file final_35.pdb (PDB, C-alpha atoms)
ATOM      1  CA  MET A   1       0.000   0.000   0.000  1.00  0.00           C
ATOM      2  CA  TYR A   2       1.231   3.466  -0.891  1.00  0.00           C
ATOM      3  CA  ASP A   3       0.074   6.762   0.520  1.00  0.00           C
ATOM      4  CA  LYS A   4      -0.385   9.853  -1.625  1.00  0.00           C
ATOM      5  CA  SER A   5       2.909  11.380  -0.456  1.00  0.00           C
ATOM      6  CA  GLU A   6       4.696   8.495  -2.222  1.00  0.00           C
ATOM      7  CA  MET A   7       3.078   9.103  -5.623  1.00  0.00           C
ATOM      8  CA  ILE A   8       3.700  11.390  -8.589  1.00  0.00           C
ATOM      9  CA  PHE A   9       0.816  12.085 -10.988  1.00  0.00           C
ATOM     10  CA  GLY A  10       0.881  13.255 -14.595  1.00  0.00           C
ATOM     11  CA  VAL A  11       3.186  12.620 -17.536  1.00  0.00           C
ATOM     12  CA  ARG A  12       5.400  15.711 -17.272  1.00  0.00           C
ATOM     13  CA  PRO A  13       6.010  15.438 -13.488  1.00  0.00           C
ATOM     14  CA  VAL A  14       6.945  11.758 -13.904  1.00  0.00           C
ATOM     15  CA  ILE A  15       9.335  12.583 -16.773  1.00  0.00           C
ATOM     16  CA  GLU A  16      10.981  15.227 -14.600  1.00  0.00           C
ATOM     17  CA  ALA A  17      11.303  12.774 -11.706  1.00  0.00           C
ATOM     18  CA  VAL A  18      12.911  10.140 -13.951  1.00  0.00           C
ATOM     19  CA  GLU A  19      15.332  12.633 -15.514  1.00  0.00           C
ATOM     20  CA  ALA A  20      16.231  13.986 -12.063  1.00  0.00           C
ATOM     21  CA  GLY A  21      17.261  10.498 -10.959  1.00  0.00           C
ATOM     22  CA  LYS A  22      14.466  10.109  -8.416  1.00  0.00           C
ATOM     23  CA  GLU A  23      14.340   6.574  -6.995  1.00  0.00           C
ATOM     24  CA  ILE A  24      11.108   5.206  -8.460  1.00  0.00           C
ATOM     25  CA  ASP A  25       9.639   1.884  -7.426  1.00  0.00           C
ATOM     26  CA  LYS A  26       7.306   1.421 -10.400  1.00  0.00           C
ATOM     27  CA  ILE A  27       5.221   3.345 -12.912  1.00  0.00           C
ATOM     28  CA  LEU A  28       1.661   2.563 -13.937  1.00  0.00           C
ATOM     29  CA  VAL A  29       0.569   3.787 -17.374  1.00  0.00           C
ATOM     30  CA  LYS A  30      -2.845   3.589 -19.028  1.00  0.00           C
ATOM     31  CA  LYS A  31      -3.030   0.687 -21.468  1.00  0.00           C
ATOM     32  CA  ASP A  32      -3.956   2.739 -24.512  1.00  0.00           C
ATOM     33  CA  ILE A  33      -1.921   5.848 -23.743  1.00  0.00           C
ATOM     34  CA  GLN A  34      -0.809   7.578 -26.945  1.00  0.00           C
ATOM     35  CA  SER A  35       0.592  11.074 -26.980  1.00  0.00           C
ATOM     36  CA  ASP A  36       3.805  12.858 -27.838  1.00  0.00           C
ATOM     37  CA  LEU A  37       4.391  13.400 -24.119  1.00  0.00           C
ATOM     38  CA  SER A  38       3.972   9.704 -23.341  1.00  0.00           C
ATOM     39  CA  LYS A  39       6.520   8.905 -26.067  1.00  0.00           C
ATOM     40  CA  GLU A  40       8.868  11.309 -24.335  1.00  0.00           C
ATOM     41  CA  LEU A  41       8.283   9.420 -21.082  1.00  0.00           C
ATOM     42  CA  PHE A  42       9.155   6.059 -22.634  1.00  0.00           C
ATOM     43  CA  THR A  43      12.285   7.599 -24.152  1.00  0.00           C
ATOM     44  CA  ALA A  44      13.310   8.866 -20.707  1.00  0.00           C
ATOM     45  CA  LEU A  45      12.714   5.389 -19.248  1.00  0.00           C
ATOM     46  CA  ARG A  46      14.929   3.661 -21.795  1.00  0.00           C
ATOM     47  CA  ASP A  47      17.759   1.753 -20.051  1.00  0.00           C
ATOM     48  CA  LYS A  48      16.360   2.707 -16.642  1.00  0.00           C
ATOM     49  CA  MET A  49      15.797   0.006 -14.024  1.00  0.00           C
ATOM     50  CA  ILE A  50      12.185   1.035 -13.420  1.00  0.00           C
ATOM     51  CA  PRO A  51       9.286  -1.421 -13.858  1.00  0.00           C
ATOM     52  CA  VAL A  52       6.445  -0.130 -16.035  1.00  0.00           C
ATOM     53  CA  GLN A  53       2.979  -1.725 -15.939  1.00  0.00           C
ATOM     54  CA  ARG A  54       0.194  -1.017 -18.427  1.00  0.00           C
ATOM     55  CA  VAL A  55      -3.129  -0.977 -16.580  1.00  0.00           C
ATOM     56  CA  PRO A  56      -6.771  -0.026 -17.274  1.00  0.00           C
ATOM     57  CA  ALA A  57      -7.668   3.623 -16.727  1.00  0.00           C
ATOM     58  CA  GLU A  58     -10.090   2.516 -13.997  1.00  0.00           C
ATOM     59  CA  ARG A  59      -7.215   1.319 -11.844  1.00  0.00           C
ATOM     60  CA  LEU A  60      -5.512   4.695 -12.056  1.00  0.00           C
ATOM     61  CA  ASP A  61      -8.808   6.394 -11.225  1.00  0.00           C
ATOM     62  CA  ARG A  62      -9.103   4.257  -8.104  1.00  0.00           C
ATOM     63  CA  ILE A  63      -5.616   5.283  -7.009  1.00  0.00           C
ATOM     64  CA  THR A  64      -6.239   9.007  -7.382  1.00  0.00           C
ATOM     65  CA  GLN A  65      -8.951  11.416  -8.432  1.00  0.00           C
ATOM     66  CA  LYS A  66      -6.363  13.932  -9.581  1.00  0.00           C
ATOM     67  CA  ASN A  67      -5.604  14.551 -13.244  1.00  0.00           C
ATOM     68  CA  HIS A  68      -3.078  11.730 -13.656  1.00  0.00           C
ATOM     69  CA  GLN A  69      -3.067  11.924 -17.503  1.00  0.00           C
ATOM     70  CA  GLY A  70      -2.731   8.139 -17.601  1.00  0.00           C
ATOM     71  CA  VAL A  71       0.499   7.966 -15.582  1.00  0.00           C
ATOM     72  CA  VAL A  72       1.173   7.372 -11.876  1.00  0.00           C
ATOM     73  CA  ALA A  73       4.653   6.799 -10.445  1.00  0.00           C
ATOM     74  CA  PHE A  74       5.407   5.377  -7.002  1.00  0.00           C
ATOM     75  CA  ILE A  75       8.461   6.662  -5.156  1.00  0.00           C
ATOM     76  CA  ALA A  76      10.678   3.968  -3.647  1.00  0.00           C
ATOM     77  CA  ALA A  77      11.141   4.043   0.118  1.00  0.00           C
ATOM     78  CA  VAL A  78      14.819   3.089  -0.277  1.00  0.00           C
ATOM     79  CA  GLU A  79      17.586   3.523  -2.817  1.00  0.00           C
ATOM     80  CA  TYR A  80      17.860   0.244  -4.707  1.00  0.00           C
ATOM     81  CA  GLN A  81      21.331  -1.128  -5.323  1.00  0.00           C
ATOM     82  CA  ASN A  82      22.898  -3.491  -7.839  1.00  0.00           C
ATOM     83  CA  ILE A  83      24.871  -6.624  -6.987  1.00  0.00           C
ATOM     84  CA  GLU A  84      27.551  -5.883  -9.581  1.00  0.00           C
ATOM     85  CA  ASN A  85      28.344  -2.674  -7.711  1.00  0.00           C
ATOM     86  CA  LEU A  86      27.858  -3.999  -4.174  1.00  0.00           C
ATOM     87  CA  THR A  87      29.691  -7.342  -4.417  1.00  0.00           C
ATOM     88  CA  PRO A  88      33.193  -5.972  -5.246  1.00  0.00           C
ATOM     89  CA  LEU A  89      32.901  -3.499  -2.366  1.00  0.00           C
ATOM     90  CA  LEU A  90      32.153  -6.306   0.088  1.00  0.00           C
ATOM     91  CA  PHE A  91      35.103  -8.359  -1.189  1.00  0.00           C
ATOM     92  CA  GLU A  92      37.365  -5.307  -0.853  1.00  0.00           C
ATOM     93  CA  GLU A  93      36.288  -5.031   2.790  1.00  0.00           C
ATOM     94  CA  GLY A  94      37.544  -8.577   3.332  1.00  0.00           C
ATOM     95  CA  LYS A  95      34.071 -10.052   3.714  1.00  0.00           C
ATOM     96  CA  ASP A  96      32.605 -13.323   2.517  1.00  0.00           C
ATOM     97  CA  PRO A  97      29.334 -11.818   1.277  1.00  0.00           C
ATOM     98  CA  PHE A  98      26.064 -13.388   2.360  1.00  0.00           C
ATOM     99  CA  PHE A  99      23.024 -12.616   0.183  1.00  0.00           C
ATOM    100  CA  VAL A 100      19.386 -13.697   0.266  1.00  0.00           C
ATOM    101  CA  MET A 101      17.562 -13.801  -3.085  1.00  0.00           C
ATOM    102  CA  LEU A 102      13.746 -13.792  -3.122  1.00  0.00           C
ATOM    103  CA  ASP A 103      12.157 -15.418  -6.159  1.00  0.00           C
ATOM    104  CA  GLY A 104       8.461 -14.619  -6.568  1.00  0.00           C
ATOM    105  CA  ILE A 105       7.787 -13.250  -3.088  1.00  0.00           C
ATOM    106  CA  THR A 106       4.845 -10.872  -3.416  1.00  0.00           C
ATOM    107  CA  ASP A 107       3.472 -10.590   0.130  1.00  0.00           C
ATOM    108  CA  VAL A 108       4.760  -7.342   1.587  1.00  0.00           C
ATOM    109  CA  ARG A 109       4.437  -8.462   5.215  1.00  0.00           C
ATOM    110  CA  ASN A 110       6.411 -11.629   4.594  1.00  0.00           C
ATOM    111  CA  PHE A 111       9.036  -9.516   2.865  1.00  0.00           C
ATOM    112  CA  GLY A 112       9.244  -7.111   5.799  1.00  0.00           C
ATOM    113  CA  ALA A 113       9.643 -10.011   8.233  1.00  0.00           C
ATOM    114  CA  ILE A 114      12.321 -11.605   6.031  1.00  0.00           C
ATOM    115  CA  ALA A 115      14.217  -8.312   5.841  1.00  0.00           C
ATOM    116  CA  ARG A 116      14.080  -7.933   9.629  1.00  0.00           C
ATOM    117  CA  THR A 117      15.571 -11.391  10.179  1.00  0.00           C
ATOM    118  CA  CYS A 118      18.184 -10.818   7.462  1.00  0.00           C
ATOM    119  CA  GLU A 119      19.351  -7.630   9.130  1.00  0.00           C
ATOM    120  CA  CYS A 120      19.552  -9.350  12.539  1.00  0.00           C
ATOM    121  CA  ALA A 121      21.532 -12.249  11.033  1.00  0.00           C
ATOM    122  CA  GLY A 122      24.076  -9.991   9.334  1.00  0.00           C
ATOM    123  CA  VAL A 123      22.994 -10.617   5.741  1.00  0.00           C
ATOM    124  CA  ASP A 124      24.764  -8.212   3.390  1.00  0.00           C
ATOM    125  CA  ALA A 125      21.873  -7.675   0.952  1.00  0.00           C
ATOM    126  CA  VAL A 126      18.476  -8.917  -0.170  1.00  0.00           C
ATOM    127  CA  ILE A 127      18.061  -9.424  -3.922  1.00  0.00           C
ATOM    128  CA  LEU A 128      14.703  -8.925  -5.665  1.00  0.00           C
ATOM    129  CA  PRO A 129      13.637  -9.272  -9.306  1.00  0.00           C
ATOM    130  CA  MET A 130      12.344  -6.160 -11.008  1.00  0.00           C
ATOM    131  CA  HIS A 131       9.079  -7.786 -12.091  1.00  0.00           C
ATOM    132  CA  ASP A 132       6.495  -9.999 -10.360  1.00  0.00           C
ATOM    133  CA  SER A 133       7.913  -9.245  -6.965  1.00  0.00           C
ATOM    134  CA  VAL A 134       7.275  -7.368  -3.780  1.00  0.00           C
ATOM    135  CA  SER A 135       8.847  -3.923  -3.494  1.00  0.00           C
ATOM    136  CA  VAL A 136       9.933  -1.652  -0.682  1.00  0.00           C
ATOM    137  CA  ASN A 137       6.910   0.402   0.310  1.00  0.00           C
ATOM    138  CA  ALA A 138       5.619   1.856   3.564  1.00  0.00           C
ATOM    139  CA  ASP A 139       4.097  -1.452   4.736  1.00  0.00           C
ATOM    140  CA  ALA A 140       7.370  -3.275   4.116  1.00  0.00           C
ATOM    141  CA  MET A 141       9.300  -0.618   6.015  1.00  0.00           C
ATOM    142  CA  LYS A 142       6.921  -0.896   8.957  1.00  0.00           C
ATOM    143  CA  THR A 143       6.937  -4.702   9.053  1.00  0.00           C
ATOM    144  CA  SER A 144      10.733  -4.772   8.868  1.00  0.00           C
ATOM    145  CA  ALA A 145      10.887  -2.714  12.095  1.00  0.00           C
ATOM    146  CA  GLY A 146      13.370  -0.360  10.454  1.00  0.00           C
ATOM    147  CA  ALA A 147      15.638  -3.067   9.017  1.00  0.00           C
ATOM    148  CA  LEU A 148      15.091  -1.800   5.469  1.00  0.00           C
ATOM    149  CA  HIS A 149      16.618   1.536   6.458  1.00  0.00           C
ATOM    150  CA  THR A 150      20.002  -0.206   6.804  1.00  0.00           C
ATOM    151  CA  LEU A 151      19.790  -3.501   4.864  1.00  0.00           C
ATOM    152  CA  PRO A 152      20.791  -3.043   1.202  1.00  0.00           C
ATOM    153  CA  VAL A 153      18.140  -4.122  -1.312  1.00  0.00           C
ATOM    154  CA  CYS A 154      19.312  -4.982  -4.825  1.00  0.00           C
ATOM    155  CA  ARG A 155      16.759  -4.967  -7.621  1.00  0.00           C
ATOM    156  CA  GLU A 156      17.811  -6.967 -10.671  1.00  0.00           C
ATOM    157  CA  GLN A 157      16.419  -7.050 -14.206  1.00  0.00           C
ATOM    158  CA  SER A 158      16.970 -10.831 -14.328  1.00  0.00           C
ATOM    159  CA  LEU A 159      17.570 -13.200 -11.408  1.00  0.00           C
ATOM    160  CA  LYS A 160      19.046 -15.678 -13.889  1.00  0.00           C
ATOM    161  CA  THR A 161      21.682 -13.137 -14.933  1.00  0.00           C
ATOM    162  CA  ALA A 162      22.285 -12.198 -11.301  1.00  0.00           C
ATOM    163  CA  LEU A 163      22.824 -15.843 -10.338  1.00  0.00           C
ATOM    164  CA  GLN A 164      25.296 -16.308 -13.200  1.00  0.00           C
ATOM    165  CA  TYR A 165      27.202 -13.248 -12.000  1.00  0.00           C
ATOM    166  CA  LEU A 166      27.318 -14.601  -8.453  1.00  0.00           C
ATOM    167  CA  LYS A 167      28.540 -18.016  -9.632  1.00  0.00           C
ATOM    168  CA  ASP A 168      31.257 -16.338 -11.679  1.00  0.00           C
ATOM    169  CA  SER A 169      32.212 -14.358  -8.569  1.00  0.00           C
ATOM    170  CA  GLY A 170      32.734 -17.525  -6.522  1.00  0.00           C
ATOM    171  CA  PHE A 171      29.443 -17.712  -4.650  1.00  0.00           C
ATOM    172  CA  HIS A 172      27.977 -20.983  -3.419  1.00  0.00           C
ATOM    173  CA  ILE A 173      24.256 -20.857  -4.236  1.00  0.00           C
ATOM    174  CA  ILE A 174      21.790 -22.733  -2.042  1.00  0.00           C
ATOM    175  CA  ALA A 175      18.134 -23.185  -2.971  1.00  0.00           C
ATOM    176  CA  VAL A 176      15.427 -23.854  -0.406  1.00  0.00           C
ATOM    177  CA  HIS A 177      13.016 -26.262  -2.085  1.00  0.00           C
ATOM    178  CA  SER A 178      10.311 -28.408  -0.512  1.00  0.00           C
ATOM    179  CA  LYS A 179      11.139 -31.413  -2.715  1.00  0.00           C
ATOM    180  CA  ALA A 180      14.889 -31.353  -2.009  1.00  0.00           C
ATOM    181  CA  VAL A 181      16.296 -34.543  -0.477  1.00  0.00           C
ATOM    182  CA  ASN A 182      19.043 -32.926   1.595  1.00  0.00           C
ATOM    183  CA  ASP A 183      18.274 -31.520   5.019  1.00  0.00           C
ATOM    184  CA  TYR A 184      19.102 -27.820   5.430  1.00  0.00           C
ATOM    185  CA  THR A 185      21.639 -28.626   8.166  1.00  0.00           C
ATOM    186  CA  VAL A 186      23.977 -30.469   5.772  1.00  0.00           C
ATOM    187  CA  ALA A 187      24.440 -27.540   3.371  1.00  0.00           C
ATOM    188  CA  GLN A 188      27.698 -25.600   3.342  1.00  0.00           C
ATOM    189  CA  TYR A 189      27.087 -21.971   4.297  1.00  0.00           C
ATOM    190  CA  SER A 190      30.683 -20.816   4.678  1.00  0.00           C
ATOM    191  CA  GLY A 191      32.396 -18.478   2.204  1.00  0.00           C
ATOM    192  CA  PRO A 192      30.477 -16.261  -0.243  1.00  0.00           C
ATOM    193  CA  VAL A 193      26.901 -17.571  -0.189  1.00  0.00           C
ATOM    194  CA  CYS A 194      23.579 -16.712  -1.779  1.00  0.00           C
ATOM    195  CA  LEU A 195      20.462 -18.311  -0.301  1.00  0.00           C
ATOM    196  CA  VAL A 196      17.570 -18.493  -2.792  1.00  0.00           C
ATOM    197  CA  ILE A 197      14.039 -18.605  -1.404  1.00  0.00           C
ATOM    198  CA  GLY A 198      10.842 -18.943  -3.420  1.00  0.00           C
ATOM    199  CA  SER A 199       7.209 -18.311  -2.627  1.00  0.00           C
ATOM    200  CA  GLU A 200       5.157 -20.845  -0.664  1.00  0.00           C
ATOM    201  CA  SER A 201       2.927 -21.537  -3.681  1.00  0.00           C
ATOM    202  CA  ALA A 202       5.225 -21.496  -6.734  1.00  0.00           C
ATOM    203  CA  GLU A 203       8.640 -21.971  -5.085  1.00  0.00           C
ATOM    204  CA  ILE A 204      11.791 -21.169  -7.076  1.00  0.00           C
ATOM    205  CA  SER A 205      11.375 -20.960 -10.851  1.00  0.00           C
ATOM    206  CA  PRO A 206      12.991 -23.896 -12.731  1.00  0.00           C
ATOM    207  CA  GLU A 207      15.290 -21.611 -14.764  1.00  0.00           C
ATOM    208  CA  ASN A 208      16.727 -20.127 -11.556  1.00  0.00           C
ATOM    209  CA  LEU A 209      16.894 -23.488  -9.807  1.00  0.00           C
ATOM    210  CA  GLU A 210      19.318 -24.694 -12.490  1.00  0.00           C
ATOM    211  CA  PHE A 211      21.925 -22.209 -11.241  1.00  0.00           C
ATOM    212  CA  CYS A 212      21.837 -23.448  -7.643  1.00  0.00           C
ATOM    213  CA  ASP A 213      24.695 -25.633  -6.380  1.00  0.00           C
ATOM    214  CA  GLU A 214      22.652 -27.237  -3.612  1.00  0.00           C
ATOM    215  CA  GLN A 215      18.977 -27.767  -2.895  1.00  0.00           C
ATOM    216  CA  VAL A 216      17.845 -28.191   0.700  1.00  0.00           C
ATOM    217  CA  SER A 217      14.560 -28.560   2.538  1.00  0.00           C
ATOM    218  CA  ILE A 218      13.299 -28.086   6.080  1.00  0.00           C
ATOM    219  CA  PRO A 219      11.641 -31.194   7.573  1.00  0.00           C
ATOM    220  CA  VAL A 220       7.953 -30.815   8.418  1.00  0.00           C
ATOM    221  CA  PHE A 221       6.370 -33.364  10.798  1.00  0.00           C
ATOM    222  CA  GLY A 222       2.868 -31.984  11.229  1.00  0.00           C
ATOM    223  CA  LYS A 223      -0.163 -32.129   8.964  1.00  0.00           C
ATOM    224  CA  ILE A 224       0.508 -28.781   7.306  1.00  0.00           C
ATOM    225  CA  GLU A 225       2.755 -29.240   4.281  1.00  0.00           C
ATOM    226  CA  SER A 226       4.961 -26.174   4.547  1.00  0.00           C
ATOM    227  CA  LEU A 227       6.230 -23.397   6.775  1.00  0.00           C
ATOM    228  CA  ASN A 228       5.561 -19.713   6.269  1.00  0.00           C
ATOM    229  CA  VAL A 229       8.294 -18.367   3.974  1.00  0.00           C
ATOM    230  CA  SER A 230       9.554 -15.830   6.512  1.00  0.00           C
ATOM    231  CA  VAL A 231       9.826 -18.577   9.148  1.00  0.00           C
ATOM    232  CA  SER A 232      11.753 -20.800   6.703  1.00  0.00           C
ATOM    233  CA  ASN A 233      14.077 -17.895   6.007  1.00  0.00           C
ATOM    234  CA  GLY A 234      14.780 -17.461   9.717  1.00  0.00           C
ATOM    235  CA  ILE A 235      15.580 -21.150  10.229  1.00  0.00           C
ATOM    236  CA  LEU A 236      18.007 -21.187   7.295  1.00  0.00           C
ATOM    237  CA  LEU A 237      19.702 -17.924   8.260  1.00  0.00           C
ATOM    238  CA  TYR A 238      20.517 -19.020  11.768  1.00  0.00           C
ATOM    239  CA  GLU A 239      21.832 -22.388  10.620  1.00  0.00           C
ATOM    240  CA  ALA A 240      24.053 -20.434   8.229  1.00  0.00           C
ATOM    241  CA  LEU A 241      25.053 -18.051  11.001  1.00  0.00           C
ATOM    242  CA  LYS A 242      26.059 -20.963  13.233  1.00  0.00           C
ATOM    243  CA  GLN A 243      28.382 -22.342  10.560  1.00  0.00           C
ATOM    244  CA  ARG A 244      29.798 -18.964   9.555  1.00  0.00           C
ATOM    245  CA  ASN A 245      30.524 -18.009  13.157  1.00  0.00           C
ATOM    246  CA  LYS A 246      32.433 -21.265  13.676  1.00  0.00           C
ATOM    247  CA  LYS A 247      34.750 -20.182  10.886  1.00  0.00           C
TER     248      LYS A 247
END

call {"tool": "encode", "arguments": {"input": "final_35.pdb", "output": "structure tokens"}}
result
Amino acid sequence: MYDKSEMIFGVRPVIEAVEAGKEIDKILVKKDIQSDLSKELFTALRDKMIPVQRVPAERLDRITQKNHQGVVAFIAAVEYQNIENLTPLLFEEGKDPFFVMLDGITDVRNFGAIARTCECAGVDAVILPMHDSVSVNADAMKTSAGALHTLPVCREQSLKTALQYLKDSGFHIIAVHSKAVNDYTVAQYSGPVCLVIGSESAEISPENLEFCDEQVSIPVFGKIESLNVSVSNGILLYEALKQRNKK
């Protein structure tokens, strides 16, 4: 949920925000928008890491009664980072980076809870895909109890490309998957590590799963088939923390 202070309405104001380098979470544009000014907007967005969604005019009308001209932009609550910029800095500091990648997580409260645990466990960054994913809004900030003010969030155009970059950089990539045979306690969490977590319904996409070096699961002994994703994240992080602290 966004409040009105986090929105920009109208084509020209959104163009100005983009050109000024404002951190924008996403932009909604009317499906059939056609104007010289809208073409100017799409030109300004070229090569920018900003998701754009085409939506019915009715959705924009529900968001605001102001003259939006078919365009509404949402301001990001944080400054998104990029793993190709962040990773070398962490290595230069002498760290073995520890990342958590979220594949298909869309529930903002789960995301906030995951971010809170990541910050407490010393995770160096959370990685999100640009599309079909939760983003950092006011609800996420609140649920994270302030963790998202300090925990870096990287937003990537392609998780597949990001995983390839991490593998090339020497990361060990661990997938949490309900059908994995190996117990989460046998995985190796030392050194540069990226933990990949999917949604409770769809789990990790097959194309991203191919890049993972290990697949692990958390045993469930009750009648419910799976744990809440934020709870699973916490269990994995503190197993990783135990191993990394031993080193």

call {"tool": "residues_near_point", "arguments": {"input": "final_35.pdb", "point": "(10.1, -13.4, 4.4)", "cutoff": "9 Å", "atoms": "only C-alpha atoms", "output": "PyMOL selection string"}}
result
chain A and resi 102+105+107-117+197+228-234

call {"tool": "closest_residue", "arguments": {"input": "final_35.pdb", "among": "A:Ala145, A:Ala125, A:Cys154, A:Val136", "to": "A:Cys194", "atoms": "only C-alpha atoms"}}
result
A:Ala125

call {"tool": "resolve_selection", "arguments": {"input": "final_35.pdb", "expression": "the PyMOL selection byres ((chain A and resi 99) around 6)", "output": "PyMOL selection string"}}
result
chain A and resi 98+100+123-126+194

call {"tool": "closest_residue", "arguments": {"input": "final_35.pdb", "among": "A:Met7, A:Ala76, A:Ala44, A:Leu166", "to": "A:Ala20", "atoms": "all atoms listed in the file"}}
result
A:Ala44

call {"tool": "atom_distance", "arguments": {"input": "final_35.pdb", "atom1": "atom CA of A:Ile174", "atom2": "atom CA of A:Gln188"}}
result
8.5 Å
